[in-house]
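Below is upload.cif, which holds mmCIF, C-alpha atoms.
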```
data_my_file
#
loop_
_atom_site.group_PDB
_atom_site.id
_atom_site.type_symbol
_atom_site.label_atom_id
_atom_site.label_comp_id
_atom_site.auth_asym_id
_atom_site.auth_seq_id
_atom_site.Cartn_x
_atom_site.Cartn_y
_atom_site.Cartn_z
ATOM 1 C CA MET A 212 8.893 -46.890 -51.424
ATOM 2 C CA SER A 213 10.479 -44.946 -54.257
ATOM 3 C CA VAL A 214 12.325 -41.671 -54.020
ATOM 4 C CA ALA A 215 9.480 -39.905 -55.823
ATOM 5 C CA SER A 216 6.935 -41.104 -53.295
ATOM 6 C CA GLU A 217 9.230 -40.004 -50.447
ATOM 7 C CA ALA A 218 9.393 -36.529 -51.971
ATOM 8 C CA THR A 219 5.603 -36.288 -52.209
ATOM 9 C CA ALA A 220 4.993 -37.578 -48.704
ATOM 10 C CA VAL A 221 2.446 -35.669 -46.649
ATOM 11 C CA PRO A 222 3.788 -34.076 -43.437
ATOM 12 C CA GLY A 223 2.534 -35.886 -40.347
ATOM 13 C CA GLU A 224 2.140 -39.167 -42.278
ATOM 14 C CA THR A 225 4.058 -42.178 -41.029
ATOM 15 C CA LYS A 226 5.823 -44.614 -43.351
ATOM 16 C CA ALA A 227 3.506 -47.465 -42.385
ATOM 17 C CA ALA A 228 0.485 -45.298 -43.078
ATOM 18 C CA ARG A 229 1.817 -44.233 -46.462
ATOM 19 C CA ASP A 230 2.524 -47.821 -47.458
ATOM 20 C CA GLY A 231 -0.954 -48.847 -46.443
ATOM 21 C CA GLY A 232 -2.607 -45.895 -48.022
ATOM 22 C CA VAL A 233 -3.902 -44.549 -44.689
ATOM 23 C CA THR A 234 -3.040 -41.012 -43.505
ATOM 24 C CA ALA A 235 -2.067 -40.872 -39.833
ATOM 25 C CA ARG A 236 -3.619 -38.088 -37.736
ATOM 26 C CA PRO A 237 -1.501 -36.089 -35.304
ATOM 27 C CA PRO A 238 -2.211 -36.808 -31.626
ATOM 28 C CA LYS A 239 -4.933 -34.677 -30.087
ATOM 29 C CA ARG A 240 -3.623 -32.042 -27.722
ATOM 30 C CA GLY A 241 -6.791 -32.094 -25.679
ATOM 31 C CA LYS A 242 -5.783 -35.517 -24.483
ATOM 32 C CA TYR A 243 -3.025 -33.946 -22.344
ATOM 33 C CA TRP A 244 -4.891 -30.842 -21.110
ATOM 34 C CA HIS A 245 -4.528 -31.942 -17.488
ATOM 35 C CA ARG A 246 -0.752 -31.528 -17.670
ATOM 36 C CA SER A 247 -1.130 -27.737 -17.886
ATOM 37 C CA LEU A 248 -3.014 -27.804 -14.568
ATOM 38 C CA ILE A 249 -0.178 -29.394 -12.598
ATOM 39 C CA PRO A 250 1.812 -26.144 -12.088
ATOM 40 C CA TRP A 251 -1.344 -24.363 -10.964
ATOM 41 C CA LEU A 252 -2.006 -27.078 -8.397
ATOM 42 C CA PHE A 253 1.384 -26.381 -6.814
ATOM 43 C CA LEU A 254 0.736 -22.637 -6.904
ATOM 44 C CA ALA A 255 -2.795 -22.902 -5.529
ATOM 45 C CA PRO A 256 -1.915 -22.770 -1.765
ATOM 46 C CA ALA A 257 0.226 -19.636 -2.196
ATOM 47 C CA LEU A 258 -2.393 -18.019 -4.455
ATOM 48 C CA LEU A 259 -5.119 -18.681 -1.902
ATOM 49 C CA LEU A 260 -3.033 -17.131 0.854
ATOM 50 C CA PHE A 261 -2.313 -14.075 -1.297
ATOM 51 C CA LEU A 262 -5.981 -13.787 -2.213
ATOM 52 C CA TYR A 263 -7.242 -14.006 1.371
ATOM 53 C CA PHE A 264 -4.567 -12.003 3.180
ATOM 54 C CA LYS A 265 -3.583 -9.466 0.502
ATOM 55 C CA PHE A 266 -5.878 -8.940 -2.447
ATOM 56 C CA ILE A 267 -9.226 -9.124 -0.619
ATOM 57 C CA PRO A 268 -8.027 -6.693 2.114
ATOM 58 C CA MET A 269 -6.722 -4.358 -0.638
ATOM 59 C CA ALA A 270 -10.103 -4.362 -2.354
ATOM 60 C CA GLU A 271 -11.834 -3.772 0.984
ATOM 61 C CA GLY A 272 -9.487 -0.873 1.731
ATOM 62 C CA ILE A 273 -10.337 0.763 -1.595
ATOM 63 C CA ARG A 274 -14.035 0.352 -0.822
ATOM 64 C CA LEU A 275 -13.715 1.802 2.689
ATOM 65 C CA SER A 276 -11.832 4.826 1.315
ATOM 66 C CA LEU A 277 -15.093 5.939 -0.289
ATOM 67 C CA TYR A 278 -17.156 5.663 2.901
ATOM 68 C CA LYS A 279 -17.447 7.269 6.297
ATOM 69 C CA VAL A 280 -16.999 4.142 8.365
ATOM 70 C CA GLN A 281 -19.349 3.880 11.337
ATOM 71 C CA PRO A 282 -19.158 0.480 13.061
ATOM 72 C CA PHE A 283 -22.567 -0.854 14.106
ATOM 73 C CA LEU A 284 -24.281 2.248 12.639
ATOM 74 C CA GLY A 285 -23.746 1.645 8.939
ATOM 75 C CA ASP A 286 -21.246 3.143 6.529
ATOM 76 C CA ILE A 287 -22.128 6.345 4.654
ATOM 77 C CA PHE A 288 -20.907 6.839 1.087
ATOM 78 C CA VAL A 289 -18.907 10.082 0.816
ATOM 79 C CA GLY A 290 -17.117 9.586 -2.503
ATOM 80 C CA MET A 291 -13.820 11.456 -2.746
ATOM 81 C CA ASP A 292 -14.284 13.460 0.464
ATOM 82 C CA ASN A 293 -11.849 11.240 2.361
ATOM 83 C CA TYR A 294 -9.147 11.905 -0.231
ATOM 84 C CA ALA A 295 -9.785 15.647 0.009
ATOM 85 C CA ALA A 296 -9.533 15.408 3.797
ATOM 86 C CA VAL A 297 -6.126 13.738 3.493
ATOM 87 C CA LEU A 298 -4.795 16.453 1.187
ATOM 88 C CA ASP A 299 -6.075 19.244 3.463
ATOM 89 C CA ASP A 300 -4.819 17.700 6.719
ATOM 90 C CA THR A 301 -1.660 19.394 8.023
ATOM 91 C CA ALA A 302 -0.687 16.205 9.865
ATOM 92 C CA PHE A 303 -0.513 14.310 6.562
ATOM 93 C CA GLN A 304 1.337 17.185 4.905
ATOM 94 C CA GLU A 305 4.032 17.153 7.594
ATOM 95 C CA ALA A 306 4.144 13.356 7.458
ATOM 96 C CA ALA A 307 4.629 13.459 3.689
ATOM 97 C CA TYR A 308 7.555 15.853 4.092
ATOM 98 C CA HIS A 309 9.204 13.667 6.733
ATOM 99 C CA THR A 310 8.584 10.549 4.625
ATOM 100 C CA VAL A 311 10.294 12.033 1.560
ATOM 101 C CA ILE A 312 13.289 13.232 3.606
ATOM 102 C CA LEU A 313 13.616 9.870 5.343
ATOM 103 C CA ALA A 314 13.192 7.887 2.120
ATOM 104 C CA PHE A 315 15.761 10.042 0.301
ATOM 105 C CA GLY A 316 18.320 9.798 3.107
ATOM 106 C CA GLN A 317 17.892 6.070 3.683
ATOM 107 C CA THR A 318 17.918 5.253 -0.046
ATOM 108 C CA PHE A 319 21.143 7.015 -0.931
ATOM 109 C CA GLY A 320 22.796 6.398 2.430
ATOM 110 C CA ALA A 321 22.186 2.651 2.202
ATOM 111 C CA MET A 322 23.365 2.560 -1.424
ATOM 112 C CA VAL A 323 26.616 4.409 -0.645
ATOM 113 C CA VAL A 324 27.381 2.272 2.416
ATOM 114 C CA GLY A 325 26.387 -0.896 0.557
ATOM 115 C CA PHE A 326 28.624 0.047 -2.371
ATOM 116 C CA PHE A 327 31.694 0.476 -0.171
ATOM 117 C CA LEU A 328 30.900 -2.733 1.727
ATOM 118 C CA ALA A 329 30.668 -4.558 -1.612
ATOM 119 C CA LEU A 330 34.046 -3.187 -2.689
ATOM 120 C CA LEU A 331 35.594 -4.315 0.608
ATOM 121 C CA LEU A 332 34.060 -7.796 0.528
ATOM 122 C CA GLU A 333 34.435 -8.544 -3.178
ATOM 123 C CA GLY A 334 36.668 -11.486 -4.003
ATOM 124 C CA GLN A 335 36.941 -15.268 -4.145
ATOM 125 C CA ALA A 336 38.570 -15.900 -0.757
ATOM 126 C CA LYS A 337 36.864 -18.684 1.183
ATOM 127 C CA SER A 338 36.944 -16.712 4.434
ATOM 128 C CA LEU A 339 34.779 -13.945 2.956
ATOM 129 C CA TRP A 340 31.573 -15.998 3.252
ATOM 130 C CA PHE A 341 31.655 -15.680 7.044
ATOM 131 C CA VAL A 342 32.235 -11.911 6.930
ATOM 132 C CA ARG A 343 29.478 -11.432 4.351
ATOM 133 C CA SER A 344 27.069 -13.489 6.461
ATOM 134 C CA ALA A 345 27.895 -11.440 9.549
ATOM 135 C CA VAL A 346 27.413 -8.165 7.671
ATOM 136 C CA PHE A 347 24.071 -9.399 6.262
ATOM 137 C CA LEU A 348 22.603 -10.167 9.706
ATOM 138 C CA PRO A 349 20.821 -6.783 10.143
ATOM 139 C CA VAL A 350 18.684 -7.551 7.086
ATOM 140 C CA VAL A 351 17.305 -10.824 8.462
ATOM 141 C CA ALA A 352 16.845 -9.488 12.000
ATOM 142 C CA ALA A 353 13.305 -8.471 12.946
ATOM 143 C CA THR A 354 12.791 -4.728 12.561
ATOM 144 C CA ALA A 355 11.123 -4.491 15.973
ATOM 145 C CA VAL A 356 14.149 -6.140 17.598
ATOM 146 C CA VAL A 357 16.509 -3.822 15.716
ATOM 147 C CA GLY A 358 14.496 -0.825 16.904
ATOM 148 C CA GLU A 359 14.638 -1.900 20.537
ATOM 149 C CA ILE A 360 18.411 -2.465 20.347
ATOM 150 C CA TRP A 361 18.965 0.988 18.878
ATOM 151 C CA ARG A 362 16.730 2.533 21.531
ATOM 152 C CA VAL A 363 19.185 1.204 24.095
ATOM 153 C CA LEU A 364 22.162 2.480 22.084
ATOM 154 C CA TYR A 365 20.492 5.894 21.753
ATOM 155 C CA PHE A 366 19.869 6.236 25.487
ATOM 156 C CA PRO A 367 20.177 10.028 25.997
ATOM 157 C CA ASP A 368 21.979 9.894 29.332
ATOM 158 C CA PRO A 369 25.684 10.878 29.250
ATOM 159 C CA ASN A 370 26.447 7.319 30.354
ATOM 160 C CA GLY A 371 24.528 5.846 27.410
ATOM 161 C CA PHE A 372 26.462 3.686 24.978
ATOM 162 C CA LEU A 373 26.703 6.078 22.023
ATOM 163 C CA ASN A 374 27.122 9.124 24.247
ATOM 164 C CA ASN A 375 29.942 7.323 26.015
ATOM 165 C CA VAL A 376 31.580 6.641 22.645
ATOM 166 C CA LEU A 377 31.178 10.293 21.643
ATOM 167 C CA SER A 378 32.886 11.371 24.873
ATOM 168 C CA TRP A 379 36.020 9.509 23.744
ATOM 169 C CA VAL A 380 36.453 11.970 20.859
ATOM 170 C CA GLY A 381 35.470 15.011 22.898
ATOM 171 C CA ALA A 382 31.931 15.331 21.544
ATOM 172 C CA GLY A 383 29.184 16.307 23.923
ATOM 173 C CA PRO A 384 26.224 14.063 24.806
ATOM 174 C CA SER A 385 23.344 14.035 22.329
ATOM 175 C CA THR A 386 19.635 13.578 22.958
ATOM 176 C CA PHE A 387 19.232 11.523 19.753
ATOM 177 C CA LEU A 388 15.593 10.390 19.666
ATOM 178 C CA ASP A 389 14.395 12.719 22.412
ATOM 179 C CA HIS A 390 14.837 16.035 20.577
ATOM 180 C CA PRO A 391 13.036 17.217 17.408
ATOM 181 C CA ASP A 392 16.293 18.449 15.851
ATOM 182 C CA THR A 393 18.050 15.069 15.986
ATOM 183 C CA SER A 394 15.262 12.488 16.037
ATOM 184 C CA LEU A 395 14.697 12.192 12.264
ATOM 185 C CA VAL A 396 18.419 11.851 11.529
ATOM 186 C CA SER A 397 18.717 9.218 14.266
ATOM 187 C CA VAL A 398 15.917 7.180 12.711
ATOM 188 C CA MET A 399 17.568 7.589 9.295
ATOM 189 C CA VAL A 400 20.837 6.127 10.612
ATOM 190 C CA VAL A 401 19.000 3.023 11.826
ATOM 191 C CA GLY A 402 17.416 2.545 8.390
ATOM 192 C CA ILE A 403 20.774 2.907 6.643
ATOM 193 C CA TRP A 404 22.382 0.414 9.029
ATOM 194 C CA LYS A 405 19.621 -2.135 8.404
ATOM 195 C CA HIS A 406 19.254 -1.839 4.619
ATOM 196 C CA ALA A 407 22.856 -1.260 3.495
ATOM 197 C CA PRO A 408 23.773 -5.004 3.647
ATOM 198 C CA TYR A 409 20.854 -5.822 1.330
ATOM 199 C CA ASP A 410 22.140 -3.294 -1.198
ATOM 200 C CA MET A 411 25.619 -4.763 -0.720
ATOM 201 C CA VAL A 412 24.469 -8.213 -1.852
ATOM 202 C CA LEU A 413 22.912 -6.891 -5.064
ATOM 203 C CA ILE A 414 25.949 -4.752 -5.820
ATOM 204 C CA LEU A 415 28.215 -7.758 -5.232
ATOM 205 C CA ALA A 416 26.199 -9.653 -7.836
ATOM 206 C CA GLY A 417 26.666 -6.764 -10.246
ATOM 207 C CA LEU A 418 30.412 -6.565 -9.586
ATOM 208 C CA ALA A 419 30.773 -10.279 -10.316
ATOM 209 C CA GLY A 420 29.454 -9.703 -13.842
ATOM 210 C CA ILE A 421 32.002 -7.024 -14.793
ATOM 211 C CA ASP A 422 34.643 -8.184 -17.242
ATOM 212 C CA ARG A 423 38.067 -7.966 -15.529
ATOM 213 C CA GLU A 424 39.709 -7.121 -18.833
ATOM 214 C CA GLN A 425 38.107 -3.688 -18.613
ATOM 215 C CA TYR A 426 39.991 -2.998 -15.381
ATOM 216 C CA GLU A 427 43.231 -4.240 -16.949
ATOM 217 C CA ALA A 428 42.765 -2.034 -20.002
ATOM 218 C CA ALA A 429 42.003 0.974 -17.801
ATOM 219 C CA ALA A 430 45.109 0.287 -15.694
ATOM 220 C CA ILE A 431 47.251 0.114 -18.835
ATOM 221 C CA ASP A 432 45.874 3.522 -19.863
ATOM 222 C CA GLY A 433 47.212 4.934 -16.602
ATOM 223 C CA THR A 434 43.942 5.476 -14.705
ATOM 224 C CA ASN A 435 43.908 5.522 -10.919
ATOM 225 C CA VAL A 436 41.498 3.690 -8.605
ATOM 226 C CA PHE A 437 38.881 6.433 -8.491
ATOM 227 C CA GLN A 438 38.879 6.818 -12.269
ATOM 228 C CA ARG A 439 38.361 3.075 -12.704
ATOM 229 C CA LEU A 440 35.428 3.219 -10.281
ATOM 230 C CA TRP A 441 33.884 6.160 -12.123
ATOM 231 C CA TYR A 442 34.423 5.060 -15.730
ATOM 232 C CA VAL A 443 34.257 1.263 -15.427
ATOM 233 C CA THR A 444 32.495 0.123 -12.272
ATOM 234 C CA LEU A 445 29.606 2.573 -11.999
ATOM 235 C CA PRO A 446 28.522 2.353 -15.691
ATOM 236 C CA ALA A 447 28.500 -1.441 -15.435
ATOM 237 C CA LEU A 448 26.343 -1.236 -12.298
ATOM 238 C CA ARG A 449 23.600 0.905 -13.873
ATOM 239 C CA PRO A 450 21.029 -1.942 -14.091
ATOM 240 C CA VAL A 451 21.665 -2.877 -10.461
ATOM 241 C CA ILE A 452 21.479 0.747 -9.341
ATOM 242 C CA THR A 453 18.129 1.146 -11.128
ATOM 243 C CA ILE A 454 16.711 -1.875 -9.313
ATOM 244 C CA LEU A 455 18.083 -0.658 -5.992
ATOM 245 C CA LEU A 456 16.608 2.809 -6.473
ATOM 246 C CA THR A 457 13.183 1.350 -7.228
ATOM 247 C CA LEU A 458 13.150 -1.069 -4.289
ATOM 248 C CA ALA A 459 14.666 1.403 -1.840
ATOM 249 C CA ALA A 460 12.328 4.233 -2.806
ATOM 250 C CA ILE A 461 9.268 2.029 -2.312
ATOM 251 C CA ARG A 462 10.706 0.721 0.958
ATOM 252 C CA GLY A 463 11.420 4.258 2.143
ATOM 253 C CA LEU A 464 7.947 5.567 1.326
ATOM 254 C CA ARG A 465 6.338 2.672 3.227
ATOM 255 C CA VAL A 466 8.575 2.943 6.299
ATOM 256 C CA PHE A 467 6.680 2.253 9.508
ATOM 257 C CA THR A 468 8.066 -0.304 11.937
ATOM 258 C CA GLU A 469 11.384 1.320 12.835
ATOM 259 C CA VAL A 470 9.747 4.727 13.275
ATOM 260 C CA TYR A 471 6.924 3.293 15.366
ATOM 261 C CA VAL A 472 9.279 1.320 17.605
ATOM 262 C CA LEU A 473 11.899 4.052 17.986
ATOM 263 C CA THR A 474 9.773 7.175 18.399
ATOM 264 C CA GLY A 475 6.125 6.445 17.636
ATOM 265 C CA GLY A 476 6.184 9.576 15.463
ATOM 266 C CA GLY A 477 7.481 11.891 18.221
ATOM 267 C CA PRO A 478 8.809 13.931 19.775
ATOM 268 C CA ALA A 479 6.282 16.625 18.854
ATOM 269 C CA GLY A 480 5.596 14.883 15.523
ATOM 270 C CA SER A 481 9.160 15.415 14.300
ATOM 271 C CA THR A 482 9.423 11.829 13.003
ATOM 272 C CA SER A 483 5.834 11.271 11.947
ATOM 273 C CA VAL A 484 5.754 9.567 8.551
ATOM 274 C CA TRP A 485 2.880 8.669 6.259
ATOM 275 C CA MET A 486 2.287 5.202 7.654
ATOM 276 C CA THR A 487 2.454 6.219 11.335
ATOM 277 C CA THR A 488 -0.088 8.961 10.586
ATOM 278 C CA VAL A 489 -2.308 6.426 8.833
ATOM 279 C CA PHE A 490 -2.017 4.106 11.833
ATOM 280 C CA SER A 491 -2.852 6.912 14.257
ATOM 281 C CA ARG A 492 -5.799 8.119 12.202
ATOM 282 C CA GLY A 493 -7.251 4.667 11.702
ATOM 283 C CA PHE A 494 -6.656 2.849 14.985
ATOM 284 C CA GLU A 495 -6.331 5.666 17.529
ATOM 285 C CA LYS A 496 -8.889 8.130 16.171
ATOM 286 C CA ASN A 497 -11.063 5.416 14.559
ATOM 287 C CA ASP A 498 -11.281 7.322 11.269
ATOM 288 C CA ILE A 499 -11.028 4.254 9.058
ATOM 289 C CA GLY A 500 -12.276 5.957 5.898
ATOM 290 C CA VAL A 501 -9.612 8.677 5.870
ATOM 291 C CA ALA A 502 -6.900 6.173 6.841
ATOM 292 C CA SER A 503 -7.962 3.902 3.969
ATOM 293 C CA ALA A 504 -7.874 6.821 1.535
ATOM 294 C CA ALA A 505 -4.341 7.701 2.676
ATOM 295 C CA SER A 506 -3.264 4.089 2.189
ATOM 296 C CA VAL A 507 -4.703 3.996 -1.329
ATOM 297 C CA MET A 508 -2.876 7.235 -2.165
ATOM 298 C CA LEU A 509 0.407 5.748 -0.958
ATOM 299 C CA PHE A 510 -0.196 2.665 -3.103
ATOM 300 C CA LEU A 511 -0.836 4.827 -6.165
ATOM 301 C CA VAL A 512 2.329 6.860 -5.568
ATOM 302 C CA THR A 513 4.514 3.753 -5.244
ATOM 303 C CA PHE A 514 2.851 2.173 -8.298
ATOM 304 C CA VAL A 515 3.422 5.267 -10.445
ATOM 305 C CA LEU A 516 7.001 5.523 -9.180
ATOM 306 C CA THR A 517 7.680 1.922 -10.149
ATOM 307 C CA VAL A 518 6.194 2.361 -13.633
ATOM 308 C CA VAL A 519 8.154 5.572 -14.265
ATOM 309 C CA VAL A 520 11.449 3.994 -13.217
ATOM 310 C CA GLN A 521 10.851 0.935 -15.389
ATOM 311 C CA MET A 522 9.940 3.075 -18.397
ATOM 312 C CA TRP A 523 13.058 5.179 -17.854
ATOM 313 C CA ARG A 524 15.203 2.046 -17.624
ATOM 314 C CA ARG A 525 13.788 0.574 -20.833
ATOM 315 C CA ALA A 526 14.258 3.874 -22.655
ATOM 316 C CA ARG A 527 17.931 3.937 -21.658
ATOM 317 C CA GLU A 528 18.428 0.325 -22.734
ATOM 318 C CA ALA A 529 16.782 1.011 -26.120
ATOM 319 C CA ARG A 530 19.312 3.764 -26.946
#
```

How would this structure read if it were set down as structure tokens?
Amino acid sequence: MSVASEATAVPGETKAARDGGVTARPPKRGKYWHRSLIPWLFLAPALLLFLYFKFIPMAEGIRLSLYKVQPFLGDIFVGMDNYAAVLDDTAFQEAAYHTVILAFGQTFGAMVVGFFLALLLEGQAKSLWFVRSAVFLPVVAATAVVGEIWRVLYFPDPNGFLNNVLSWVGAGPSTFLDHPDTSLVSVMVVGIWKHAPYDMVLILAGLAGIDREQYEAAAIDGTNVFQRLWYVTLPALRPVITILLTLAAIRGLRVFTEVYVLTGGGPAGSTSVWMTTVFSRGFEKNDIGVASAASVMLFLVTFVLTVVVQMWRRAREAR
């Protein structure tokens, strides 16, 4: 075939087809449509589990929040009355206050402890993997087991473990979980102890991505350790800190297991949080409609919080 015919060749036309005067058609994509279904076949078991155990119960909870639930007597539609009852209930108001205090303390406490653990355990030494694994154990331990262990440590008797330790430094015995003035702080310490290693792992990942030349340049300029942390390390960790704040805030607002195991919301309601109040209202007082409305409100708060944080992060990255 001549150069001129090569130049005027039709795209998608093979050489044999051009020589024979027949235009070849591109292969039909519909012939391979089944290949796009293969990933969905692998995802189908997990999607079915999510649908049955998560999304259907969520939809049912939203429906029940609009009804006065009466088992065996028939549900009565009440509209937004359940939501109004939640907002007017002093028990939920106190629980919301405790939840915010606990979430704030656990979020920033775990981030600070996790940051210092990451600084201590950063490096390439082979022996660090064992120390990191040991430090990470509280995260993988069951929350109920952690709560029971700390209940033993918090035993209020002067011969209790932590009270015995306090006596070594001349501090008096504390009631810990058994007094309204110290119970919420005691629960907060357990949350910080459990979640700080998780924050440590994410911060370690962020520290690994920092260019070491920045530290060398800062050292040449005569900065000390704290100045390098403030002007080099923390700005580089902003994306990680944003993720940690989002996850920790949601985790703190939904706290339940450690509070339920440690105190059950007591003493005298001093550690009652949103989820323990929902549990009490729904399963102890059998007021399923109000409990469902409170759960939906918590979901909306965490959803809005997540969206706001993500929008704030994208706005900062766009600058």

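Restricting the calculation to only C-alpha atoms, the smallest distance between A:Gly383 and any of A:Val357, A:Asn370, A:Met291, A:Ile273 is found for A:Asn370.
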
Please identify all polymer residues within 7 Å of stretch 337-349 of chain A, counting all atoms listed in the file, omitting same-chain residues fewer than 2 positions from it, and present them as a PyMOL selection string. chain A and resi 332+335+351-352+405+408-409

To verify the selection step, state as a VMD selection string which residues the PyMOL selection byres ((chain A and resi 359) around 12) yields on this input. chain A and resid 352 to 358 360 to 366 401 468 to 474

Give me a file of those residues, with C-alpha atoms, as a PDB file, keeping the file's coordinate frame.
```
ATOM      1  CA  ALA A 352      16.845  -9.488  12.000  1.00  0.00           C
ATOM      2  CA  ALA A 353      13.305  -8.471  12.946  1.00  0.00           C
ATOM      3  CA  THR A 354      12.791  -4.728  12.561  1.00  0.00           C
ATOM      4  CA  ALA A 355      11.123  -4.491  15.973  1.00  0.00           C
ATOM      5  CA  VAL A 356      14.149  -6.140  17.598  1.00  0.00           C
ATOM      6  CA  VAL A 357      16.509  -3.822  15.716  1.00  0.00           C
ATOM      7  CA  GLY A 358      14.496  -0.825  16.904  1.00  0.00           C
ATOM      8  CA  ILE A 360      18.411  -2.465  20.347  1.00  0.00           C
ATOM      9  CA  TRP A 361      18.965   0.988  18.878  1.00  0.00           C
ATOM     10  CA  ARG A 362      16.730   2.533  21.531  1.00  0.00           C
ATOM     11  CA  VAL A 363      19.185   1.204  24.095  1.00  0.00           C
ATOM     12  CA  LEU A 364      22.162   2.480  22.084  1.00  0.00           C
ATOM     13  CA  TYR A 365      20.492   5.894  21.753  1.00  0.00           C
ATOM     14  CA  PHE A 366      19.869   6.236  25.487  1.00  0.00           C
ATOM     15  CA  VAL A 401      19.000   3.023  11.826  1.00  0.00           C
ATOM     16  CA  THR A 468       8.066  -0.304  11.937  1.00  0.00           C
ATOM     17  CA  GLU A 469      11.384   1.320  12.835  1.00  0.00           C
ATOM     18  CA  VAL A 470       9.747   4.727  13.275  1.00  0.00           C
ATOM     19  CA  TYR A 471       6.924   3.293  15.366  1.00  0.00           C
ATOM     20  CA  VAL A 472       9.279   1.320  17.605  1.00  0.00           C
ATOM     21  CA  LEU A 473      11.899   4.052  17.986  1.00  0.00           C
ATOM     22  CA  THR A 474       9.773   7.175  18.399  1.00  0.00           C
TER      23      THR A 474
END
```

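Compared by their closest atoms to A:Ala314, and using all atoms listed in the file, the residues A:Leu448, A:Val512, A:Ile461, A:Leu418 rank with A:Ile461 nearest.
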
Counting all atoms listed in the file, which residues of stretch 276-349 of chain A sit at most 6 Å from some atom of stretch 491-509 of chain A, and what is each one's closest atom pair with its distance in Å to one decimal, listed by chain and rising residue number, as JSON lines?
```
{"residue": "A:Ser276", "atom": "CA", "partner": "A:Ala504", "partner_atom": "CA", "distance": 4.4}
{"residue": "A:Tyr278", "atom": "CA", "partner": "A:Gly500", "partner_atom": "CA", "distance": 5.7}
{"residue": "A:Lys279", "atom": "CA", "partner": "A:Gly500", "partner_atom": "CA", "distance": 5.3}
{"residue": "A:Val280", "atom": "CA", "partner": "A:Gly500", "partner_atom": "CA", "distance": 5.6}
{"residue": "A:Asn293", "atom": "CA", "partner": "A:Val501", "partner_atom": "CA", "distance": 4.9}
{"residue": "A:Tyr294", "atom": "CA", "partner": "A:Ala504", "partner_atom": "CA", "distance": 5.5}
```

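Using only C-alpha atoms, the smallest distance between any of A:Phe490, A:Phe514, A:Phe261, A:Trp523 and A:Gly476 comes from A:Phe490.
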
Which residues would end up in the selection if the PyMOL selection byres ((chain A and resi 333) around 10) were applied here, given that I need the answer as a PyMOL selection string? chain A and resi 327-332+334-336+339+343+411+414-416+418-419

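Residues selected in this file by the PyMOL selection byres ((chain A and resi 481) around 9) comprise Glu305, Ala306, His309, His390, Pro391, Asp392, Ser394, Leu395, Gly476, Gly477, Pro478, Ala479, Gly480, Thr482, Ser483 and Val484 of chain A.
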
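Among the candidates A:Leu456, A:Val489, A:Ala428, A:Leu298, the one nearest to A:Val443 when counting only C-alpha atoms is A:Ala428.
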
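Among the candidate residues A:Arg246, A:Arg423, A:Arg524, A:Arg439, the one lying nearest to A:Ile454 is A:Arg524, with distances computed using all atoms listed in the file.
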
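Of note, atom CA of A:Glu424 and atom CA of A:Arg449 are spaced 18.7 Å apart.
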
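Across the model, the gap from atom CA of A:Gln317 to atom CA of A:Val400 is 7.5 Å.
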